[in-house]
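Asks: Have a look at this one before I ask anything.
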Amino acid sequence: EVQEHPEVPRHDCLSRMVQSDLTPLEMRDELVTLMFAGHDGIALALTYSSYLTSLHPEVEHRLRDDSRRLLSKSDPTYDQLSQLQFSECVFREGLRLFTPEPNFGRRVLKDDVICGMPVKAGASVIISPWTMHRRADMYEDPYAFKPERWEKISPGSYEYFPFACPPRV
C-alpha cells in the first residue's frame with residue numbers, strides 16, 4: 001500500500017521501516033523482535049501505568065481532562081497524540097516504577113572503574129533500572145507515583161532506562 005499511494009503519509013512501524021535505510025534482513029530482524037519480544041514490554045508498561053492510575057483518582061481525572069480537551073472535537077490524528085503530554089508523564093512514571101526489565105546484563109568491553117571498583121574487560125555486570133529509578137538523589141520521593149514530576153525533569157540516559165537502553169559500553 002505504501003508503494004501504491006506514496007503521497008499518503010504513513011506513520012506506522014512497517015511503513016517507516018520501508019522508508020528507512022534498513023536492509024531487508026535488518027527489517028526482518030526488527031519485525032521479529034517487535035512481534036515476538038517487543039510487545040511484552042509495552043503490554044507490561046500499559047498494565048502497570050493503568051494500575052497505578054487506578055490507585056490515584058486525581059491522576060485519573062487529570063488524564064481524562066487532558067484527553068477530552070484535545071480529542072473531543074474529532075477523531076485523533078497522529079500529530080495530536082504527541083500533544084497528550086500528561087499521558088506521556090503517566091506512562092513514563094509507570095515505566096520508572098515498574099520497568100519491564102528490572103535488571104539486565106552487559107559484558108565490559110574495556111577495563112574501567114565503576115563507583116570506585118575496578119572492572120576488567122570481559123567481566124559481566126548486572127545493571128538494575130529498578131534500583132536506579134528509585135535513587136533519591138535522582139528522583140524526589142522516589143517510591144511515590146508522581147507523573148507530574150516529568151513536567152519538570154528530563155533525566156539522562158543513565159538515569160532513566162526502562163527498556164535496558166543505556167549505551168552499550
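In the C-alpha cells, each chain is lettered A, B, ... as it comes, each chain's residues begin at 1, and ligands are numbered from 1 in order of appearance.
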Could you pull out the alpha helix (DSSP H) residues of segment 4-163 of chain A from DSSP and send them as a compact mmCIF listing (two decimals) with all heavy atoms, in the first residue's frame?

Replies:
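Written output follows (selection_11.txt):
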```txt
# COMPACT_ATOMS: atom_id res chain seq x y z
N CYS A 13 4.74 1.51 11.99
CA CYS A 13 6.09 0.96 12.13
C CYS A 13 6.61 0.37 10.81
O CYS A 13 7.73 0.64 10.40
CB CYS A 13 6.06 -0.10 13.22
SG CYS A 13 7.65 -0.79 13.61
N LEU A 14 5.81 -0.43 10.15
CA LEU A 14 6.25 -1.07 8.92
C LEU A 14 6.54 -0.04 7.83
O LEU A 14 7.57 -0.13 7.15
CB LEU A 14 5.21 -2.08 8.44
CG LEU A 14 5.58 -2.85 7.18
CD1 LEU A 14 6.87 -3.63 7.37
CD2 LEU A 14 4.44 -3.80 6.79
N SER A 15 5.68 0.94 7.68
CA SER A 15 5.90 1.97 6.66
C SER A 15 7.19 2.73 6.92
O SER A 15 7.95 3.03 6.00
CB SER A 15 4.73 2.95 6.61
OG SER A 15 3.56 2.28 6.20
N ARG A 16 7.44 3.03 8.16
CA ARG A 16 8.68 3.74 8.49
C ARG A 16 9.90 2.89 8.19
O ARG A 16 10.93 3.40 7.75
CB ARG A 16 8.67 4.19 9.94
CG ARG A 16 7.71 5.36 10.16
CD ARG A 16 7.69 5.78 11.60
NE ARG A 16 6.77 6.88 11.75
CZ ARG A 16 7.07 8.02 12.34
NH1 ARG A 16 8.27 8.21 12.82
NH2 ARG A 16 6.18 8.96 12.44
N MET A 17 9.80 1.60 8.43
CA MET A 17 10.92 0.71 8.10
C MET A 17 11.15 0.66 6.59
O MET A 17 12.29 0.70 6.14
CB MET A 17 10.67 -0.70 8.63
CG MET A 17 10.97 -0.85 10.09
SD MET A 17 10.97 -2.59 10.50
CE MET A 17 9.99 -2.56 11.97
N VAL A 18 10.08 0.56 5.82
CA VAL A 18 10.19 0.51 4.37
C VAL A 18 10.84 1.78 3.84
O VAL A 18 11.64 1.75 2.91
CB VAL A 18 8.79 0.29 3.72
CG1 VAL A 18 8.83 0.51 2.22
CG2 VAL A 18 8.29 -1.11 4.05
N PRO A 24 16.66 -5.49 3.84
CA PRO A 24 15.58 -6.45 4.08
C PRO A 24 15.86 -7.36 5.29
O PRO A 24 14.96 -7.65 6.06
CB PRO A 24 15.50 -7.24 2.78
CG PRO A 24 15.95 -6.26 1.75
CD PRO A 24 17.05 -5.47 2.42
N LEU A 25 17.11 -7.77 5.45
CA LEU A 25 17.46 -8.62 6.59
C LEU A 25 17.30 -7.86 7.91
O LEU A 25 16.75 -8.40 8.88
CB LEU A 25 18.89 -9.14 6.45
CG LEU A 25 19.36 -10.10 7.54
CD1 LEU A 25 18.49 -11.36 7.59
CD2 LEU A 25 20.82 -10.49 7.31
N GLU A 26 17.74 -6.62 7.96
CA GLU A 26 17.59 -5.80 9.17
C GLU A 26 16.11 -5.55 9.47
O GLU A 26 15.69 -5.59 10.62
CB GLU A 26 18.32 -4.46 9.01
CG GLU A 26 19.83 -4.58 9.00
CD GLU A 26 20.52 -3.29 8.59
OE1 GLU A 26 19.95 -2.51 7.78
OE2 GLU A 26 21.64 -3.07 9.08
N MET A 27 15.33 -5.33 8.42
CA MET A 27 13.89 -5.12 8.59
C MET A 27 13.24 -6.37 9.18
O MET A 27 12.42 -6.29 10.10
CB MET A 27 13.26 -4.78 7.24
CG MET A 27 12.31 -3.63 7.32
SD MET A 27 11.52 -3.24 5.75
CE MET A 27 12.90 -2.85 4.71
N ARG A 28 13.62 -7.53 8.64
CA ARG A 28 13.09 -8.79 9.16
C ARG A 28 13.44 -8.95 10.64
O ARG A 28 12.59 -9.29 11.46
CB ARG A 28 13.64 -9.96 8.37
CG ARG A 28 12.99 -11.29 8.81
CD ARG A 28 13.88 -12.48 8.73
NE ARG A 28 15.08 -12.31 9.54
CZ ARG A 28 16.14 -13.08 9.46
NH1 ARG A 28 16.17 -14.05 8.58
NH2 ARG A 28 17.17 -12.90 10.23
N ASP A 29 14.69 -8.66 11.01
CA ASP A 29 15.11 -8.80 12.40
C ASP A 29 14.32 -7.87 13.31
O ASP A 29 13.91 -8.26 14.41
CB ASP A 29 16.61 -8.52 12.53
CG ASP A 29 17.47 -9.61 11.89
OD1 ASP A 29 16.92 -10.69 11.57
OD2 ASP A 29 18.67 -9.36 11.71
N GLU A 30 14.10 -6.65 12.86
CA GLU A 30 13.33 -5.69 13.66
C GLU A 30 11.89 -6.16 13.84
O GLU A 30 11.31 -6.07 14.92
CB GLU A 30 13.34 -4.30 13.01
CG GLU A 30 14.68 -3.61 13.06
CD GLU A 30 15.13 -3.28 14.47
OE1 GLU A 30 14.29 -2.97 15.33
OE2 GLU A 30 16.35 -3.34 14.71
N LEU A 31 11.30 -6.67 12.77
CA LEU A 31 9.92 -7.16 12.85
C LEU A 31 9.80 -8.39 13.75
O LEU A 31 8.83 -8.51 14.51
CB LEU A 31 9.37 -7.46 11.45
CG LEU A 31 9.08 -6.23 10.60
CD1 LEU A 31 8.79 -6.63 9.16
CD2 LEU A 31 7.92 -5.45 11.20
N VAL A 32 10.76 -9.28 13.67
CA VAL A 32 10.75 -10.46 14.55
C VAL A 32 10.83 -10.02 16.01
O VAL A 32 10.09 -10.51 16.86
CB VAL A 32 11.89 -11.44 14.17
CG1 VAL A 32 12.11 -12.48 15.26
CG2 VAL A 32 11.60 -12.11 12.84
N THR A 33 11.71 -9.07 16.29
CA THR A 33 11.82 -8.55 17.65
C THR A 33 10.51 -7.93 18.11
O THR A 33 10.03 -8.20 19.21
CB THR A 33 12.96 -7.51 17.75
OG1 THR A 33 14.18 -8.14 17.40
CG2 THR A 33 13.06 -6.92 19.14
N HIS A 39 6.49 -6.69 22.19
CA HIS A 39 5.15 -6.39 22.70
C HIS A 39 5.01 -6.64 24.19
O HIS A 39 4.19 -6.03 24.85
CB HIS A 39 4.10 -7.17 21.92
CG HIS A 39 4.14 -8.64 22.16
ND1 HIS A 39 5.08 -9.46 21.56
CD2 HIS A 39 3.39 -9.44 22.95
CE1 HIS A 39 4.88 -10.70 21.97
NE2 HIS A 39 3.88 -10.71 22.80
N ASP A 40 5.81 -7.53 24.77
CA ASP A 40 5.71 -7.81 26.20
C ASP A 40 5.99 -6.58 27.05
O ASP A 40 5.26 -6.29 27.99
CB ASP A 40 6.68 -8.93 26.61
CG ASP A 40 6.25 -10.29 26.13
OD1 ASP A 40 5.09 -10.42 25.69
OD2 ASP A 40 7.06 -11.23 26.20
N GLY A 41 7.05 -5.87 26.72
CA GLY A 41 7.41 -4.68 27.50
C GLY A 41 6.35 -3.61 27.43
O GLY A 41 5.99 -3.00 28.45
N ILE A 42 5.80 -3.39 26.25
CA ILE A 42 4.75 -2.38 26.10
C ILE A 42 3.49 -2.81 26.85
O ILE A 42 2.85 -2.00 27.52
CB ILE A 42 4.44 -2.13 24.60
CG1 ILE A 42 5.66 -1.56 23.89
CG2 ILE A 42 3.24 -1.22 24.44
CD1 ILE A 42 6.16 -0.23 24.42
N ALA A 43 3.13 -4.08 26.75
CA ALA A 43 1.94 -4.57 27.46
C ALA A 43 2.10 -4.40 28.96
O ALA A 43 1.17 -3.95 29.65
CB ALA A 43 1.70 -6.03 27.11
N LEU A 44 3.28 -4.74 29.49
CA LEU A 44 3.53 -4.55 30.92
C LEU A 44 3.48 -3.08 31.30
O LEU A 44 2.91 -2.71 32.33
CB LEU A 44 4.88 -5.14 31.31
CG LEU A 44 4.94 -6.65 31.47
CD1 LEU A 44 6.39 -7.10 31.64
CD2 LEU A 44 4.11 -7.08 32.67
N ALA A 45 4.08 -2.24 30.48
CA ALA A 45 4.09 -0.80 30.77
C ALA A 45 2.68 -0.23 30.82
O ALA A 45 2.33 0.54 31.72
CB ALA A 45 4.93 -0.07 29.73
N LEU A 46 1.86 -0.61 29.86
CA LEU A 46 0.47 -0.15 29.85
C LEU A 46 -0.31 -0.69 31.04
O LEU A 46 -1.11 0.02 31.66
CB LEU A 46 -0.21 -0.56 28.54
CG LEU A 46 0.24 0.20 27.31
CD1 LEU A 46 -0.31 -0.46 26.05
CD2 LEU A 46 -0.20 1.66 27.39
N THR A 47 -0.07 -1.94 31.38
CA THR A 47 -0.77 -2.55 32.52
C THR A 47 -0.41 -1.85 33.82
O THR A 47 -1.30 -1.46 34.59
CB THR A 47 -0.41 -4.05 32.62
OG1 THR A 47 -0.85 -4.70 31.42
CG2 THR A 47 -1.08 -4.70 33.82
N TYR A 48 0.87 -1.66 34.07
CA TYR A 48 1.28 -1.01 35.32
C TYR A 48 0.87 0.46 35.35
O TYR A 48 0.45 0.96 36.40
CB TYR A 48 2.79 -1.14 35.53
CG TYR A 48 3.19 -2.52 35.99
CD1 TYR A 48 4.18 -3.23 35.33
CD2 TYR A 48 2.58 -3.11 37.10
CE1 TYR A 48 4.55 -4.50 35.77
CE2 TYR A 48 2.94 -4.37 37.53
CZ TYR A 48 3.93 -5.06 36.86
OH TYR A 48 4.29 -6.31 37.29
N SER A 49 0.96 1.16 34.24
CA SER A 49 0.53 2.56 34.21
C SER A 49 -0.97 2.66 34.50
O SER A 49 -1.40 3.54 35.24
CB SER A 49 0.86 3.20 32.86
OG SER A 49 2.25 3.27 32.68
N SER A 50 -1.75 1.76 33.92
CA SER A 50 -3.20 1.73 34.18
C SER A 50 -3.49 1.40 35.64
O SER A 50 -4.35 2.03 36.28
CB SER A 50 -3.89 0.72 33.28
OG SER A 50 -3.73 1.09 31.94
N TYR A 51 -2.77 0.43 36.17
CA TYR A 51 -2.96 0.04 37.57
C TYR A 51 -2.64 1.21 38.51
O TYR A 51 -3.43 1.55 39.40
CB TYR A 51 -2.07 -1.16 37.90
CG TYR A 51 -2.02 -1.48 39.37
CD1 TYR A 51 -3.12 -2.00 40.03
CD2 TYR A 51 -0.85 -1.25 40.10
CE1 TYR A 51 -3.07 -2.29 41.39
CE2 TYR A 51 -0.79 -1.54 41.45
CZ TYR A 51 -1.90 -2.04 42.09
OH TYR A 51 -1.85 -2.32 43.43
N LEU A 52 -1.49 1.85 38.30
CA LEU A 52 -1.11 2.97 39.16
C LEU A 52 -2.10 4.12 39.03
O LEU A 52 -2.45 4.76 40.03
CB LEU A 52 0.31 3.44 38.81
CG LEU A 52 1.42 2.47 39.20
CD1 LEU A 52 2.73 2.82 38.50
CD2 LEU A 52 1.61 2.45 40.71
N THR A 53 -2.58 4.38 37.83
CA THR A 53 -3.56 5.43 37.62
C THR A 53 -4.85 5.12 38.38
O THR A 53 -5.45 6.00 38.99
CB THR A 53 -3.86 5.61 36.12
OG1 THR A 53 -2.65 5.99 35.47
CG2 THR A 53 -4.91 6.67 35.87
N SER A 54 -5.25 3.86 38.39
CA SER A 54 -6.49 3.48 39.09
C SER A 54 -6.39 3.68 40.60
O SER A 54 -7.40 3.86 41.27
CB SER A 54 -6.85 2.02 38.78
OG SER A 54 -6.01 1.13 39.49
N PRO A 57 -6.98 8.66 41.98
CA PRO A 57 -8.09 9.30 41.27
C PRO A 57 -7.75 10.68 40.71
O PRO A 57 -8.23 11.04 39.64
CB PRO A 57 -9.19 9.42 42.33
CG PRO A 57 -8.83 8.43 43.39
CD PRO A 57 -7.35 8.26 43.34
N GLU A 58 -6.89 11.43 41.40
CA GLU A 58 -6.52 12.76 40.91
C GLU A 58 -5.75 12.67 39.59
O GLU A 58 -5.91 13.50 38.70
CB GLU A 58 -5.72 13.55 41.96
CG GLU A 58 -4.31 13.06 42.22
CD GLU A 58 -4.17 11.77 43.05
OE1 GLU A 58 -5.19 11.21 43.51
OE2 GLU A 58 -3.03 11.32 43.23
N VAL A 59 -4.94 11.63 39.46
CA VAL A 59 -4.21 11.40 38.21
C VAL A 59 -5.19 10.97 37.12
O VAL A 59 -5.12 11.45 35.98
CB VAL A 59 -3.09 10.35 38.40
CG1 VAL A 59 -2.47 9.95 37.07
CG2 VAL A 59 -2.03 10.86 39.36
N GLU A 60 -6.10 10.10 37.47
CA GLU A 60 -7.10 9.63 36.51
C GLU A 60 -7.93 10.80 35.97
O GLU A 60 -8.17 10.90 34.77
CB GLU A 60 -8.00 8.59 37.16
CG GLU A 60 -8.96 7.94 36.21
CD GLU A 60 -9.76 6.82 36.86
OE1 GLU A 60 -9.47 6.43 38.01
OE2 GLU A 60 -10.69 6.35 36.20
N HIS A 61 -8.34 11.70 36.86
CA HIS A 61 -9.14 12.86 36.43
C HIS A 61 -8.33 13.78 35.51
O HIS A 61 -8.83 14.24 34.50
CB HIS A 61 -9.65 13.64 37.64
CG HIS A 61 -10.75 12.96 38.36
ND1 HIS A 61 -10.53 11.99 39.31
CD2 HIS A 61 -12.10 13.07 38.25
CE1 HIS A 61 -11.68 11.54 39.77
NE2 HIS A 61 -12.65 12.18 39.14
N ARG A 62 -7.09 14.02 35.87
CA ARG A 62 -6.26 14.89 35.04
C ARG A 62 -5.99 14.25 33.67
O ARG A 62 -5.99 14.93 32.66
CB ARG A 62 -4.94 15.19 35.75
CG ARG A 62 -4.13 16.19 35.00
CD ARG A 62 -3.01 16.77 35.79
NE ARG A 62 -2.19 17.58 34.89
CZ ARG A 62 -0.94 17.87 35.11
NH1 ARG A 62 -0.34 17.49 36.22
NH2 ARG A 62 -0.26 18.59 34.25
N LEU A 63 -5.78 12.96 33.66
CA LEU A 63 -5.57 12.22 32.42
C LEU A 63 -6.81 12.31 31.53
O LEU A 63 -6.72 12.58 30.32
CB LEU A 63 -5.26 10.77 32.76
CG LEU A 63 -4.66 9.87 31.72
CD1 LEU A 63 -3.35 10.43 31.20
CD2 LEU A 63 -4.43 8.49 32.32
N ARG A 64 -7.96 12.13 32.14
CA ARG A 64 -9.23 12.21 31.39
C ARG A 64 -9.43 13.63 30.84
O ARG A 64 -9.79 13.81 29.68
CB ARG A 64 -10.40 11.83 32.28
CG ARG A 64 -11.71 11.73 31.52
CD ARG A 64 -12.89 11.32 32.39
NE ARG A 64 -12.63 10.07 33.08
CZ ARG A 64 -12.68 9.93 34.41
NH1 ARG A 64 -12.95 10.94 35.19
NH2 ARG A 64 -12.46 8.76 34.97
N ASP A 65 -9.17 14.64 31.67
CA ASP A 65 -9.32 16.03 31.21
C ASP A 65 -8.38 16.34 30.06
O ASP A 65 -8.75 17.02 29.10
CB ASP A 65 -9.08 17.00 32.37
CG ASP A 65 -10.17 16.95 33.42
OD1 ASP A 65 -11.25 16.38 33.15
OD2 ASP A 65 -9.94 17.48 34.53
N ASP A 66 -7.16 15.87 30.17
CA ASP A 66 -6.16 16.09 29.12
C ASP A 66 -6.62 15.50 27.79
O ASP A 66 -6.55 16.15 26.75
CB ASP A 66 -4.83 15.46 29.56
CG ASP A 66 -3.65 15.84 28.67
OD1 ASP A 66 -3.57 17.01 28.25
OD2 ASP A 66 -2.80 14.97 28.43
N SER A 67 -7.12 14.28 27.84
CA SER A 67 -7.56 13.64 26.59
C SER A 67 -8.84 14.26 26.05
O SER A 67 -8.99 14.44 24.85
CB SER A 67 -7.71 12.14 26.78
OG SER A 67 -8.69 11.85 27.74
N ARG A 68 -9.77 14.62 26.94
CA ARG A 68 -11.01 15.25 26.47
C ARG A 68 -10.74 16.61 25.83
O ARG A 68 -11.35 16.97 24.83
CB ARG A 68 -11.99 15.41 27.62
CG ARG A 68 -12.68 14.14 27.99
CD ARG A 68 -13.67 14.36 29.09
NE ARG A 68 -14.35 13.13 29.42
CZ ARG A 68 -14.99 12.90 30.54
NH1 ARG A 68 -15.04 13.85 31.48
NH2 ARG A 68 -15.59 11.76 30.76
N ARG A 69 -9.85 17.37 26.41
CA ARG A 69 -9.51 18.69 25.90
C ARG A 69 -9.01 18.59 24.46
O ARG A 69 -9.40 19.37 23.59
CB ARG A 69 -8.45 19.34 26.78
CG ARG A 69 -7.89 20.65 26.26
CD ARG A 69 -6.70 21.13 27.07
NE ARG A 69 -5.62 20.16 27.18
CZ ARG A 69 -4.74 19.88 26.23
NH1 ARG A 69 -4.81 20.50 25.08
NH2 ARG A 69 -3.78 18.99 26.42
N LEU A 70 -8.20 17.62 24.22
CA LEU A 70 -7.56 17.52 22.91
C LEU A 70 -8.36 16.69 21.91
O LEU A 70 -8.39 17.01 20.72
CB LEU A 70 -6.17 16.90 23.07
CG LEU A 70 -5.32 16.88 21.83
CD1 LEU A 70 -4.97 18.31 21.39
CD2 LEU A 70 -4.06 16.09 22.07
N LEU A 71 -9.02 15.66 22.37
CA LEU A 71 -9.59 14.68 21.46
C LEU A 71 -11.11 14.75 21.30
O LEU A 71 -11.68 13.98 20.55
CB LEU A 71 -9.19 13.28 21.90
CG LEU A 71 -7.69 13.04 22.07
CD1 LEU A 71 -7.44 11.66 22.62
CD2 LEU A 71 -6.98 13.24 20.75
N TYR A 78 -2.46 11.45 14.28
CA TYR A 78 -1.15 11.02 14.80
C TYR A 78 -0.45 12.19 15.49
O TYR A 78 0.13 12.04 16.56
CB TYR A 78 -0.30 10.46 13.65
CG TYR A 78 1.04 9.98 14.08
CD1 TYR A 78 1.19 8.73 14.68
CD2 TYR A 78 2.18 10.76 13.91
CE1 TYR A 78 2.43 8.27 15.09
CE2 TYR A 78 3.42 10.30 14.31
CZ TYR A 78 3.55 9.06 14.90
OH TYR A 78 4.76 8.61 15.31
N ASP A 79 -0.49 13.37 14.88
CA ASP A 79 0.18 14.54 15.45
C ASP A 79 -0.44 14.95 16.79
O ASP A 79 0.25 15.44 17.67
CB ASP A 79 0.15 15.71 14.47
CG ASP A 79 1.01 15.45 13.25
OD1 ASP A 79 2.01 14.71 13.37
OD2 ASP A 79 0.69 15.99 12.17
N GLN A 80 -1.74 14.76 16.95
CA GLN A 80 -2.39 15.13 18.21
C GLN A 80 -1.94 14.25 19.36
O GLN A 80 -1.89 14.71 20.50
CB GLN A 80 -3.92 15.03 18.07
CG GLN A 80 -4.53 16.17 17.31
CD GLN A 80 -6.03 15.97 17.17
OE1 GLN A 80 -6.49 14.91 16.77
NE2 GLN A 80 -6.78 17.01 17.51
N LEU A 81 -1.61 13.02 19.08
CA LEU A 81 -1.20 12.12 20.15
C LEU A 81 0.02 12.63 20.91
O LEU A 81 0.12 12.47 22.12
CB LEU A 81 -0.95 10.71 19.60
CG LEU A 81 -2.17 10.01 19.04
CD1 LEU A 81 -1.79 8.65 18.48
CD2 LEU A 81 -3.26 9.85 20.09
N GLN A 85 0.45 15.41 26.65
CA GLN A 85 1.66 15.47 27.46
C GLN A 85 1.50 14.79 28.82
O GLN A 85 2.42 14.13 29.29
CB GLN A 85 2.12 16.91 27.60
CG GLN A 85 2.54 17.47 26.26
CD GLN A 85 2.77 18.96 26.28
OE1 GLN A 85 2.41 19.65 27.22
NE2 GLN A 85 3.38 19.46 25.23
N PHE A 86 0.36 14.95 29.45
CA PHE A 86 0.21 14.31 30.75
C PHE A 86 0.13 12.79 30.60
O PHE A 86 0.61 12.05 31.46
CB PHE A 86 -1.01 14.85 31.52
CG PHE A 86 -1.03 14.41 32.95
CD1 PHE A 86 -0.04 14.85 33.83
CD2 PHE A 86 -1.99 13.54 33.41
CE1 PHE A 86 -0.02 14.43 35.16
CE2 PHE A 86 -1.99 13.12 34.74
CZ PHE A 86 -1.00 13.56 35.61
N SER A 87 -0.43 12.32 29.51
CA SER A 87 -0.45 10.87 29.25
C SER A 87 0.98 10.34 29.18
O SER A 87 1.28 9.27 29.73
CB SER A 87 -1.16 10.57 27.93
OG SER A 87 -2.50 10.95 27.98
N GLU A 88 1.85 11.08 28.53
CA GLU A 88 3.25 10.67 28.45
C GLU A 88 3.89 10.66 29.84
O GLU A 88 4.66 9.76 30.17
CB GLU A 88 4.03 11.59 27.52
CG GLU A 88 5.46 11.16 27.35
CD GLU A 88 6.25 12.00 26.36
OE1 GLU A 88 5.64 12.73 25.56
OE2 GLU A 88 7.48 11.91 26.40
N CYS A 89 3.54 11.65 30.66
CA CYS A 89 4.07 11.70 32.03
C CYS A 89 3.63 10.46 32.82
O CYS A 89 4.43 9.87 33.55
CB CYS A 89 3.58 12.96 32.75
SG CYS A 89 4.25 14.50 32.09
N VAL A 90 2.37 10.08 32.69
CA VAL A 90 1.84 8.90 33.40
C VAL A 90 2.57 7.65 32.93
O VAL A 90 2.98 6.80 33.73
CB VAL A 90 0.32 8.77 33.18
CG1 VAL A 90 -0.20 7.43 33.68
CG2 VAL A 90 -0.41 9.92 33.86
N PHE A 91 2.75 7.52 31.64
CA PHE A 91 3.42 6.36 31.07
C PHE A 91 4.88 6.28 31.53
O PHE A 91 5.36 5.23 31.96
CB PHE A 91 3.33 6.42 29.55
CG PHE A 91 3.70 5.16 28.86
CD1 PHE A 91 2.95 4.00 29.03
CD2 PHE A 91 4.79 5.12 28.01
CE1 PHE A 91 3.29 2.82 28.38
CE2 PHE A 91 5.14 3.95 27.35
CZ PHE A 91 4.38 2.80 27.55
N ARG A 92 5.59 7.40 31.49
CA ARG A 92 6.98 7.43 31.94
C ARG A 92 7.10 7.08 33.43
O ARG A 92 8.01 6.36 33.83
CB ARG A 92 7.61 8.80 31.70
CG ARG A 92 7.95 9.07 30.27
CD ARG A 92 8.52 10.49 30.13
NE ARG A 92 8.99 10.72 28.80
CZ ARG A 92 10.25 10.58 28.42
NH1 ARG A 92 11.17 10.24 29.28
NH2 ARG A 92 10.60 10.79 27.17
N GLU A 93 6.19 7.60 34.22
CA GLU A 93 6.24 7.32 35.66
C GLU A 93 5.93 5.85 35.93
O GLU A 93 6.55 5.22 36.79
CB GLU A 93 5.27 8.24 36.41
CG GLU A 93 5.34 8.13 37.91
CD GLU A 93 6.62 8.65 38.54
OE1 GLU A 93 7.60 8.98 37.82
OE2 GLU A 93 6.66 8.71 39.78
N GLY A 94 4.98 5.29 35.20
CA GLY A 94 4.70 3.86 35.33
C GLY A 94 5.92 3.03 34.96
O GLY A 94 6.26 2.05 35.64
N LEU A 95 6.62 3.42 33.91
CA LEU A 95 7.83 2.71 33.49
C LEU A 95 8.96 2.89 34.51
O LEU A 95 9.77 1.99 34.71
CB LEU A 95 8.31 3.22 32.13
CG LEU A 95 7.55 2.69 30.92
CD1 LEU A 95 7.95 3.45 29.67
CD2 LEU A 95 7.78 1.21 30.75
N ARG A 96 9.02 4.04 35.12
CA ARG A 96 10.06 4.28 36.12
C ARG A 96 9.88 3.34 37.31
O ARG A 96 10.82 2.74 37.80
CB ARG A 96 10.04 5.74 36.60
CG ARG A 96 11.18 6.10 37.55
CD ARG A 96 11.02 7.50 38.10
NE ARG A 96 9.91 7.61 39.02
CZ ARG A 96 9.95 7.24 40.31
NH1 ARG A 96 11.05 6.73 40.83
NH2 ARG A 96 8.88 7.38 41.07
N LEU A 97 8.65 3.21 37.76
CA LEU A 97 8.39 2.39 38.95
C LEU A 97 8.34 0.89 38.65
O LEU A 97 8.74 0.08 39.48
CB LEU A 97 7.08 2.83 39.61
CG LEU A 97 7.15 4.18 40.30
CD1 LEU A 97 5.76 4.64 40.71
CD2 LEU A 97 8.08 4.12 41.50
N PRO A 129 17.75 -1.10 36.34
CA PRO A 129 16.90 0.08 36.24
C PRO A 129 15.98 0.20 37.46
O PRO A 129 15.71 1.30 37.92
CB PRO A 129 16.06 -0.16 34.97
CG PRO A 129 16.85 -1.13 34.18
CD PRO A 129 17.59 -1.98 35.17
N TRP A 130 15.53 -0.93 38.00
CA TRP A 130 14.67 -0.94 39.18
C TRP A 130 15.32 -0.14 40.32
O TRP A 130 14.69 0.68 40.96
CB TRP A 130 14.42 -2.39 39.61
CG TRP A 130 13.54 -2.52 40.81
CD1 TRP A 130 13.93 -2.54 42.12
CD2 TRP A 130 12.12 -2.66 40.83
NE1 TRP A 130 12.85 -2.68 42.94
CE2 TRP A 130 11.72 -2.76 42.17
CE3 TRP A 130 11.15 -2.71 39.84
CZ2 TRP A 130 10.39 -2.89 42.55
CZ3 TRP A 130 9.84 -2.86 40.21
CH2 TRP A 130 9.47 -2.94 41.56
N THR A 131 16.62 -0.37 40.53
CA THR A 131 17.34 0.33 41.58
C THR A 131 17.63 1.78 41.19
O THR A 131 17.41 2.70 41.98
CB THR A 131 18.67 -0.40 41.88
OG1 THR A 131 18.37 -1.74 42.25
CG2 THR A 131 19.44 0.28 42.99
N MET A 132 18.11 1.98 39.99
CA MET A 132 18.44 3.34 39.54
C MET A 132 17.22 4.26 39.56
O MET A 132 17.32 5.43 39.91
CB MET A 132 19.03 3.32 38.13
CG MET A 132 20.38 2.65 38.03
SD MET A 132 21.67 3.53 38.92
CE MET A 132 21.87 4.96 37.88
```

Asks: Hey, which of A:Leu109, A:Leu84, A:Ala136, A:Leu34 ends up closest to Ala123 of chain A? Count only C-alpha atoms.

Replies: A:Leu109

Asks: Quick one: residues within 9 Å of Ile126 of chain A, only C-alpha atoms counted, chain neighbours fewer than 2 positions away excluded, as a ChimeraX atom specification?

Replies: /A:103-107,124,128

Asks: Do you know which residues are at most 8 Å from Val108 of chain A counting only C-alpha atoms, after dropping those on the same chain fewer than 2 positions away, and could you put them as a PyMOL selection string?

Replies: chain A and resi 106+110-111+119-125+169
